[in-house]
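The data block below is query_5.pdb; it holds PDB, C-alpha atoms and all ligand atoms.
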ATOM      1  CA  MET A   1    -157.811 -35.862-122.869  1.00  0.00           C
ATOM      2  CA  ARG A   2    -161.128 -37.496-122.064  1.00  0.00           C
ATOM      3  CA  GLY A   3    -162.715 -34.082-122.544  1.00  0.00           C
ATOM      4  CA  TYR A   4    -161.430 -33.888-126.115  1.00  0.00           C
ATOM      5  CA  VAL A   5    -162.695 -37.369-126.910  1.00  0.00           C
ATOM      6  CA  LEU A   6    -166.106 -36.413-125.593  1.00  0.00           C
ATOM      7  CA  LEU A   7    -166.052 -33.209-127.583  1.00  0.00           C
ATOM      8  CA  ILE A   8    -165.184 -35.054-130.794  1.00  0.00           C
ATOM      9  CA  LEU A   9    -167.825 -37.721-130.190  1.00  0.00           C
ATOM     10  CA  THR A  10    -170.400 -35.005-129.522  1.00  0.00           C
ATOM     11  CA  PHE A  11    -169.423 -33.244-132.727  1.00  0.00           C
ATOM     12  CA  LEU A  12    -169.657 -36.443-134.766  1.00  0.00           C
ATOM     13  CA  GLY A  13    -173.002 -37.171-133.139  1.00  0.00           C
ATOM     14  CA  LEU A  14    -174.350 -33.796-134.181  1.00  0.00           C
ATOM     15  CA  ALA A  15    -172.895 -33.978-137.671  1.00  0.00           C
ATOM     16  CA  CYS A  16    -174.375 -37.412-138.182  1.00  0.00           C
ATOM     17  CA  ALA A  17    -177.812 -36.251-137.185  1.00  0.00           C
ATOM     18  CA  ALA A  18    -177.977 -34.842-140.721  1.00  0.00           C
ATOM     19  CA  PRO A  19    -179.957 -37.141-143.044  1.00  0.00           C
ATOM     20  CA  VAL A  20    -177.053 -37.420-145.462  1.00  0.00           C
ATOM     21  CA  CYS A  21    -174.712 -38.774-142.815  1.00  0.00           C
ATOM     22  CA  ALA A  22    -177.279 -41.063-141.214  1.00  0.00           C
ATOM     23  CA  ALA A  23    -178.135 -42.706-144.531  1.00  0.00           C
ATOM     24  CA  GLU A  24    -177.032 -46.257-145.154  1.00  0.00           C
ATOM     25  CA  PRO A  25    -174.953 -46.585-148.307  1.00  0.00           C
ATOM     26  CA  LEU A  26    -177.216 -46.961-151.318  1.00  0.00           C
ATOM     27  CA  PRO A  27    -177.380 -50.665-152.269  1.00  0.00           C
ATOM     28  CA  MET A  28    -176.787 -51.834-155.823  1.00  0.00           C
ATOM     29  CA  PRO A  29    -179.907 -52.404-157.904  1.00  0.00           C
ATOM     30  CA  LYS A  30    -180.590 -56.113-158.423  1.00  0.00           C
ATOM     31  CA  GLY A  31    -183.312 -55.731-161.002  1.00  0.00           C
ATOM     32  CA  GLN A  32    -183.779 -53.495-164.001  1.00  0.00           C
ATOM     33  CA  VAL A  33    -182.883 -49.862-163.287  1.00  0.00           C
ATOM     34  CA  ILE A  34    -186.018 -47.730-163.641  1.00  0.00           C
ATOM     35  CA  LEU A  35    -184.738 -44.425-162.208  1.00  0.00           C
ATOM     36  CA  THR A  36    -181.322 -42.759-162.338  1.00  0.00           C
ATOM     37  CA  VAL A  37    -180.619 -39.698-160.200  1.00  0.00           C
ATOM     38  CA  THR A  38    -177.611 -37.498-161.030  1.00  0.00           C
ATOM     39  CA  GLY A  39    -176.260 -34.044-160.247  1.00  0.00           C
ATOM     40  CA  SER A  40    -176.049 -32.714-156.718  1.00  0.00           C
ATOM     41  CA  VAL A  41    -176.470 -35.926-154.729  1.00  0.00           C
ATOM     42  CA  ALA A  42    -174.499 -37.252-151.743  1.00  0.00           C
ATOM     43  CA  GLN A  43    -175.281 -40.950-152.267  1.00  0.00           C
ATOM     44  CA  THR A  44    -174.350 -42.896-155.372  1.00  0.00           C
ATOM     45  CA  ASN A  45    -174.056 -46.555-156.382  1.00  0.00           C
ATOM     46  CA  ALA A  46    -172.412 -45.967-159.774  1.00  0.00           C
ATOM     47  CA  PRO A  47    -170.010 -43.182-160.793  1.00  0.00           C
ATOM     48  CA  GLY A  48    -172.002 -39.954-160.379  1.00  0.00           C
ATOM     49  CA  GLN A  49    -175.317 -41.802-160.318  1.00  0.00           C
ATOM     50  CA  ALA A  50    -177.850 -43.121-157.861  1.00  0.00           C
ATOM     51  CA  ARG A  51    -179.585 -45.989-159.641  1.00  0.00           C
ATOM     52  CA  PHE A  52    -182.842 -47.546-158.467  1.00  0.00           C
ATOM     53  CA  ASP A  53    -184.693 -50.692-159.392  1.00  0.00           C
ATOM     54  CA  ARG A  54    -188.379 -51.077-158.485  1.00  0.00           C
ATOM     55  CA  GLU A  55    -187.646 -52.827-155.195  1.00  0.00           C
ATOM     56  CA  MET A  56    -185.377 -49.985-154.033  1.00  0.00           C
ATOM     57  CA  ILE A  57    -188.011 -47.394-154.948  1.00  0.00           C
ATOM     58  CA  GLU A  58    -190.757 -49.280-153.113  1.00  0.00           C
ATOM     59  CA  ALA A  59    -188.550 -49.588-150.024  1.00  0.00           C
ATOM     60  CA  LEU A  60    -188.609 -45.798-149.637  1.00  0.00           C
ATOM     61  CA  GLY A  61    -192.084 -45.793-148.112  1.00  0.00           C
ATOM     62  CA  ALA A  62    -195.622 -45.899-149.361  1.00  0.00           C
ATOM     63  CA  ALA A  63    -197.787 -42.924-150.228  1.00  0.00           C
ATOM     64  CA  SER A  64    -200.876 -42.396-152.316  1.00  0.00           C
ATOM     65  CA  ILE A  65    -202.896 -39.667-153.973  1.00  0.00           C
ATOM     66  CA  ARG A  66    -206.516 -39.864-155.000  1.00  0.00           C
ATOM     67  CA  THR A  67    -207.105 -37.390-157.779  1.00  0.00           C
ATOM     68  CA  SER A  68    -208.560 -36.713-161.159  1.00  0.00           C
ATOM     69  CA  SER A  69    -206.123 -35.977-163.984  1.00  0.00           C
ATOM     70  CA  ALA A  70    -206.072 -34.754-167.534  1.00  0.00           C
ATOM     71  CA  TRP A  71    -205.518 -38.329-168.727  1.00  0.00           C
ATOM     72  CA  THR A  72    -207.925 -40.416-166.734  1.00  0.00           C
ATOM     73  CA  ASP A  73    -211.689 -40.619-166.452  1.00  0.00           C
ATOM     74  CA  GLY A  74    -212.693 -39.402-163.031  1.00  0.00           C
ATOM     75  CA  VAL A  75    -210.771 -39.878-159.830  1.00  0.00           C
ATOM     76  CA  GLN A  76    -208.105 -42.570-159.582  1.00  0.00           C
ATOM     77  CA  LEU A  77    -206.022 -43.911-156.749  1.00  0.00           C
ATOM     78  CA  PHE A  78    -202.319 -43.511-157.483  1.00  0.00           C
ATOM     79  CA  GLU A  79    -199.850 -45.340-155.244  1.00  0.00           C
ATOM     80  CA  GLY A  80    -196.094 -45.111-155.013  1.00  0.00           C
ATOM     81  CA  VAL A  81    -193.506 -43.248-152.966  1.00  0.00           C
ATOM     82  CA  PRO A  82    -193.182 -39.565-152.112  1.00  0.00           C
ATOM     83  CA  LEU A  83    -190.903 -37.805-154.605  1.00  0.00           C
ATOM     84  CA  LYS A  84    -189.247 -36.254-151.548  1.00  0.00           C
ATOM     85  CA  ALA A  85    -188.322 -39.698-150.211  1.00  0.00           C
ATOM     86  CA  VAL A  86    -186.172 -40.328-153.287  1.00  0.00           C
ATOM     87  CA  LEU A  87    -184.478 -36.934-152.970  1.00  0.00           C
ATOM     88  CA  ASP A  88    -183.836 -37.504-149.251  1.00  0.00           C
ATOM     89  CA  ARG A  89    -182.445 -40.986-149.857  1.00  0.00           C
ATOM     90  CA  VAL A  90    -179.795 -39.705-152.263  1.00  0.00           C
ATOM     91  CA  GLY A  91    -179.022 -36.612-150.159  1.00  0.00           C
ATOM     92  CA  ALA A  92    -180.084 -34.238-152.916  1.00  0.00           C
ATOM     93  CA  THR A  93    -179.161 -30.620-152.333  1.00  0.00           C
ATOM     94  CA  GLY A  94    -180.232 -27.839-154.642  1.00  0.00           C
ATOM     95  CA  THR A  95    -183.213 -25.823-155.715  1.00  0.00           C
ATOM     96  CA  SER A  96    -184.628 -27.770-158.632  1.00  0.00           C
ATOM     97  CA  MET A  97    -184.530 -30.992-160.590  1.00  0.00           C
ATOM     98  CA  THR A  98    -184.752 -31.738-164.270  1.00  0.00           C
ATOM     99  CA  ALA A  99    -187.123 -34.638-164.760  1.00  0.00           C
ATOM    100  CA  SER A 100    -186.676 -36.630-167.983  1.00  0.00           C
ATOM    101  CA  ALA A 101    -188.770 -39.343-169.541  1.00  0.00           C
ATOM    102  CA  LEU A 102    -188.320 -42.334-171.820  1.00  0.00           C
ATOM    103  CA  ASN A 103    -189.688 -40.230-174.695  1.00  0.00           C
ATOM    104  CA  GLU A 104    -186.985 -37.607-174.005  1.00  0.00           C
ATOM    105  CA  PHE A 105    -189.530 -35.149-172.621  1.00  0.00           C
ATOM    106  CA  GLU A 106    -187.747 -32.961-170.066  1.00  0.00           C
ATOM    107  CA  ILE A 107    -188.910 -30.314-167.603  1.00  0.00           C
ATOM    108  CA  THR A 108    -187.597 -28.446-164.563  1.00  0.00           C
ATOM    109  CA  ILE A 109    -189.402 -28.995-161.281  1.00  0.00           C
ATOM    110  CA  PRO A 110    -188.557 -26.573-158.458  1.00  0.00           C
ATOM    111  CA  PHE A 111    -188.005 -28.020-154.960  1.00  0.00           C
ATOM    112  CA  GLU A 112    -190.821 -25.689-153.814  1.00  0.00           C
ATOM    113  CA  ASP A 113    -193.251 -28.174-155.374  1.00  0.00           C
ATOM    114  CA  LEU A 114    -192.362 -30.624-152.602  1.00  0.00           C
ATOM    115  CA  LYS A 115    -194.816 -28.660-150.435  1.00  0.00           C
ATOM    116  CA  PHE A 116    -197.574 -30.390-152.425  1.00  0.00           C
ATOM    117  CA  SER A 117    -196.061 -33.817-151.612  1.00  0.00           C
ATOM    118  CA  PRO A 118    -196.017 -35.021-155.219  1.00  0.00           C
ATOM    119  CA  LEU A 119    -195.929 -38.769-155.717  1.00  0.00           C
ATOM    120  CA  LEU A 120    -193.746 -41.012-157.816  1.00  0.00           C
ATOM    121  CA  ALA A 121    -196.563 -43.347-158.738  1.00  0.00           C
ATOM    122  CA  THR A 122    -195.876 -46.990-159.581  1.00  0.00           C
ATOM    123  CA  LYS A 123    -199.539 -48.025-159.544  1.00  0.00           C
ATOM    124  CA  ALA A 124    -202.940 -46.693-160.579  1.00  0.00           C
ATOM    125  CA  GLU A 125    -206.135 -48.324-159.300  1.00  0.00           C
ATOM    126  CA  GLY A 126    -204.060 -51.088-157.747  1.00  0.00           C
ATOM    127  CA  ARG A 127    -202.285 -52.059-160.971  1.00  0.00           C
ATOM    128  CA  LEU A 128    -198.615 -51.589-161.748  1.00  0.00           C
ATOM    129  CA  LEU A 129    -198.085 -48.867-164.349  1.00  0.00           C
ATOM    130  CA  MET A 130    -196.551 -50.354-167.469  1.00  0.00           C
ATOM    131  CA  ILE A 131    -194.737 -48.242-170.030  1.00  0.00           C
ATOM    132  CA  ARG A 132    -197.890 -48.321-172.167  1.00  0.00           C
ATOM    133  CA  ASP A 133    -199.896 -46.749-169.344  1.00  0.00           C
ATOM    134  CA  LYS A 134    -197.384 -44.003-168.577  1.00  0.00           C
ATOM    135  CA  GLY A 135    -195.246 -46.054-166.176  1.00  0.00           C
ATOM    136  CA  PRO A 136    -193.169 -47.418-164.699  1.00  0.00           C
ATOM    137  CA  LEU A 137    -192.932 -44.083-162.839  1.00  0.00           C
ATOM    138  CA  TRP A 138    -195.328 -41.174-163.150  1.00  0.00           C
ATOM    139  CA  ILE A 139    -195.114 -37.917-161.195  1.00  0.00           C
ATOM    140  CA  ILE A 140    -198.554 -37.190-159.731  1.00  0.00           C
ATOM    141  CA  TYR A 141    -199.704 -33.968-158.072  1.00  0.00           C
ATOM    142  CA  PRO A 142    -202.738 -33.785-155.739  1.00  0.00           C
ATOM    143  CA  ARG A 143    -204.489 -31.455-158.147  1.00  0.00           C
ATOM    144  CA  ASP A 144    -207.968 -32.015-156.702  1.00  0.00           C
ATOM    145  CA  ASP A 145    -206.757 -30.635-153.352  1.00  0.00           C
ATOM    146  CA  HIS A 146    -205.176 -27.405-154.631  1.00  0.00           C
ATOM    147  CA  GLU A 147    -206.753 -24.920-156.976  1.00  0.00           C
ATOM    148  CA  GLU A 148    -203.347 -23.607-158.100  1.00  0.00           C
ATOM    149  CA  LEU A 149    -202.356 -27.061-159.370  1.00  0.00           C
ATOM    150  CA  ARG A 150    -205.154 -26.998-161.930  1.00  0.00           C
ATOM    151  CA  ASP A 151    -202.942 -25.022-164.259  1.00  0.00           C
ATOM    152  CA  ASN A 152    -200.884 -25.807-167.333  1.00  0.00           C
ATOM    153  CA  ARG A 153    -197.674 -24.869-165.549  1.00  0.00           C
ATOM    154  CA  TYR A 154    -198.172 -27.769-163.144  1.00  0.00           C
ATOM    155  CA  GLU A 155    -199.817 -30.090-165.627  1.00  0.00           C
ATOM    156  CA  SER A 156    -196.554 -30.176-167.581  1.00  0.00           C
ATOM    157  CA  ARG A 157    -194.744 -31.454-164.467  1.00  0.00           C
ATOM    158  CA  TRP A 158    -196.816 -34.650-164.405  1.00  0.00           C
ATOM    159  CA  VAL A 159    -193.961 -36.429-166.129  1.00  0.00           C
ATOM    160  CA  TRP A 160    -194.971 -39.917-167.168  1.00  0.00           C
ATOM    161  CA  GLN A 161    -192.480 -42.634-168.127  1.00  0.00           C
ATOM    162  CA  LEU A 162    -190.041 -40.805-165.830  1.00  0.00           C
ATOM    163  CA  ASN A 163    -186.575 -42.360-165.843  1.00  0.00           C
ATOM    164  CA  ARG A 164    -184.126 -39.632-164.831  1.00  0.00           C
ATOM    165  CA  LEU A 165    -183.832 -36.850-162.277  1.00  0.00           C
ATOM    166  CA  HIS A 166    -180.949 -34.413-162.423  1.00  0.00           C
ATOM    167  CA  ILE A 167    -180.545 -32.294-159.287  1.00  0.00           C
ATOM    168  CA  GLU A 168    -179.280 -28.764-159.624  1.00  0.00           C
TER     169      GLU A 168
HETATM  170  N1  LIG A 201    -193.178 -38.395-170.611  1.00  0.00           N
HETATM  171  C1  LIG A 201    -193.828 -37.281-170.880  1.00  0.00           C
HETATM  172  N2  LIG A 201    -194.457 -36.624-169.903  1.00  0.00           N
HETATM  173  C2  LIG A 201    -195.139 -35.472-170.177  1.00  0.00           C
HETATM  174  C3  LIG A 201    -195.134 -34.919-171.459  1.00  0.00           C
HETATM  175  C4  LIG A 201    -194.443 -35.654-172.482  1.00  0.00           C
HETATM  176  O1  LIG A 201    -194.425 -35.275-173.647  1.00  0.00           O
HETATM  177  N3  LIG A 201    -193.820 -36.819-172.157  1.00  0.00           N
HETATM  178  N4  LIG A 201    -195.772 -33.709-171.687  1.00  0.00           N
HETATM  179  C5  LIG A 201    -196.014 -32.849-170.520  1.00  0.00           C
HETATM  180  C6  LIG A 201    -196.828 -31.687-170.819  1.00  0.00           C
HETATM  181  S1  LIG A 201    -196.056 -30.375-171.552  1.00  0.00           S
HETATM  182  C7  LIG A 201    -198.137 -31.614-170.465  1.00  0.00           C
HETATM  183  S2  LIG A 201    -199.061 -30.227-170.640  1.00  0.00           S
HETATM  184  C8  LIG A 201    -198.801 -32.785-169.917  1.00  0.00           C
HETATM  185  C9  LIG A 201    -199.959 -33.141-170.814  1.00  0.00           C
HETATM  186  O2  LIG A 201    -199.483 -33.705-171.982  1.00  0.00           O
HETATM  187  P1  LIG A 201    -200.491 -34.310-173.064  1.00  0.00           P
HETATM  188  O3  LIG A 201    -201.610 -33.336-173.186  1.00  0.00           O
HETATM  189  O4  LIG A 201    -199.652 -34.443-174.288  1.00  0.00           O
HETATM  190  O5  LIG A 201    -200.948 -35.620-172.585  1.00  0.00           O
HETATM  191  O6  LIG A 201    -197.936 -33.911-169.715  1.00  0.00           O
HETATM  192  C10 LIG A 201    -196.599 -33.653-169.376  1.00  0.00           C
HETATM  193  N5  LIG A 201    -195.814 -34.854-169.174  1.00  0.00           N
HETATM  194 MO    MO A 202    -197.715 -28.854-171.969  1.00  0.00          MO
END
Written as structure tokens, that's how I'd like the structure from this file.
Ligand SMILES: Nc1nc2c(c(=O)[nH]1)N[C@H]1C(S)=C(S)[C@@H](COP(=O)(O)O)O[C@H]1N2
Ligand SMILES: [Mo]
Amino acid sequence: MRGYVLLILTFLGLACAAPVCAAEPLPMPKGQVILTVTGSVAQTNAPGQARFDREMIEALGAASIRTSSAWTDGVQLFEGVPLKAVLDRVGATGTSMTASALNEFEITIPFEDLKFSPLLATKAEGRLLMIRDKGPLWIIYPRDDHEELRDNRYESRWVWQLNRLHIE
């Protein structure tokens, strides 16, 4: 009998080593929702949706990228959270995401791009990104560090005014 209990506890222990199981339930956003994640996600806080306010996004861990871009003069410091941190937090499983913006721009980003550690930037040069300066969330790639990123295919994935991710 004790053996079975041990076996079950061991099994649960192993199963819960998976990030999805270990994750705390997603809290409810208190402020304005700036990002909604849908599709193949394990964690939700509204029917079929994982909704984030700024505070929830910032709680996912800080990251930064210093890079030039097609939109800015010279190199800028972009700060925010790793795109991967958002996907991990909601237990996203799949091969790609459709990223959509306030202006209804939409593009597919393959999970392979996570190898470049793209950023969900909330700040540029220490200032919060407002809608008028391509915020509140802007996907940033470290294009100065990788020759292959200096290409139109990737440039189009720098979604500014990002507000939705659909995982597929
Ligand atoms: N929100 C938003 N992000 C966007 C776009 C857009 O229209 N809206 N265009 C994409 C494309 S197709 C490219 S090539 C780059 C550069 O767009 P731009 O030259 O119009 O600034 O931004 C990408 N991010
Ligand atoms: Mo484009």
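Selection of all polymer residues within 6 Å of ligand LIG 201 (chain A) on the basis of only C-alpha atoms and all ligand atoms gives Ala101, Asn103, Phe105, Asn152, Glu155, Ser156, Arg157, Trp158, Val159, Trp160 and Gln161 of chain A.
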Can I get the selection written as a tab-separated table (two decimals), in the frame of the given file, with C-alpha atoms?
chain	number	residue	atom	x	y	z
A	101	ALA	CA	-188.77	-39.34	-169.54
A	103	ASN	CA	-189.69	-40.23	-174.70
A	105	PHE	CA	-189.53	-35.15	-172.62
A	152	ASN	CA	-200.88	-25.81	-167.33
A	155	GLU	CA	-199.82	-30.09	-165.63
A	156	SER	CA	-196.55	-30.18	-167.58
A	157	ARG	CA	-194.74	-31.45	-164.47
A	158	TRP	CA	-196.82	-34.65	-164.40
A	159	VAL	CA	-193.96	-36.43	-166.13
A	160	TRP	CA	-194.97	-39.92	-167.17
A	161	GLN	CA	-192.48	-42.63	-168.13
(request) Give the answer as one residue: which of A:Ser100, A:Gln76, A:Thr38, A:Thr67 has the shortest atom-to-atom distance to Ile167 of chain A, using all atoms listed in the file? (result)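 For Ile167 of chain A, the nearest of the candidates is A:Thr38.
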(request) Kindly give the distance, in Å, that separates atom CA of Phe116 of chain A and atom CA of Lys134 of chain A, rounded to a single decimal. (result)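 Between atom CA of Phe116 of chain A and atom CA of Lys134 of chain A the gap works out to 21.1 Å.
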(request) Rank A:Glu58, A:Ser64, A:Lys84, A:Gly91 by their smallest atom-to-atom distance to Ala42 of chain A, using all atoms listed in the file, and report the top residue only. (result)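 Of the candidates, the smallest distance to Ala42 of chain A is held by A:Gly91.
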(message) Report, in Å to a single decimal, how far apart atom CA of Leu119 of chain A and atom CA of Lys30 of chain A are.
(response)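 Interatomic distance here is 23.3 Å.
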(request) To one decimal in Å, tell me the separation between atom CA of Met130 of chain A and atom CA of Thr108 of chain A. (result)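 These two atoms are separated by 23.8 Å.
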(request) Name the residues captured by the PyMOL selection byres (((chain A and resi 164) around 8) and not hetatm) when it is applied to the shown file; answer as a list in words. (result)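 Given this file, the PyMOL selection byres (((chain A and resi 164) around 8) and not hetatm) evaluates to Leu35, Thr36, Val37, Thr38, Thr98, Ala99, Ser100, Ala101, Leu162, Asn163, Leu165 and His166 of chain A.
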(message) Measuring between only C-alpha atoms and all ligand atoms, which one of A:Ile131, A:Met97, A:Ala70, A:Ala63 shows the shortest distance to ligand MO 202 (chain A)?
(response) A:Ala70
(request) Give the answer as one residue: which of A:Gly126, A:Ile107, A:Asp88, A:Val33 has the shortest atom-to-atom distance to ligand MO 202 (chain A), using all atoms listed in the file? (result)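 Using all atoms listed in the file, ligand MO 202 (chain A) sits closest to A:Ile107.
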(request) Any chance you could resolve the PyMOL selection byres (((chain A and resi 96) around 6) and not hetatm) against this file and give the residues as a PyMOL selection string? (result) chain A and resi 94-95+97+109-111+168
(request) Have a look at A:Tyr154, A:Glu147, A:Arg89, A:Ser68 and name the one nearest to ligand MO 202 (chain A); count only C-alpha atoms and all ligand atoms. (result)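 Ranking A:Tyr154, A:Glu147, A:Arg89, A:Ser68 by distance to ligand MO 202 (chain A), first place goes to A:Tyr154.
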(request) List every protein, DNA or RNA residue that has at least one atom no more than 6 Å from (-197.8, -35.4, -156.5) in the file's coordinates, counting all atoms listed in the file, and write the result as a PyMOL selection string. (result) chain A and resi 117-119+139-142
(request) Check the smallest atom-to-atom distance from each of A:Thr93, A:Thr44, A:Gln49, A:Ser69 to Pro27 of chain A using all atoms listed in the file, then report the winner. (result)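 The answer is A:Thr44, which sits nearest to Pro27 of chain A.
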(request) Check what the PyMOL selection byres (((chain A and resi 53) around 6) and not hetatm) selects in the file above and give those residues as a list in words. (result)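 For this structure, the PyMOL selection byres (((chain A and resi 53) around 6) and not hetatm) resolves to Pro29, Gly31, Gln32, Val33, Ile34, Phe52, Arg54, Glu55 and Met56 of chain A.
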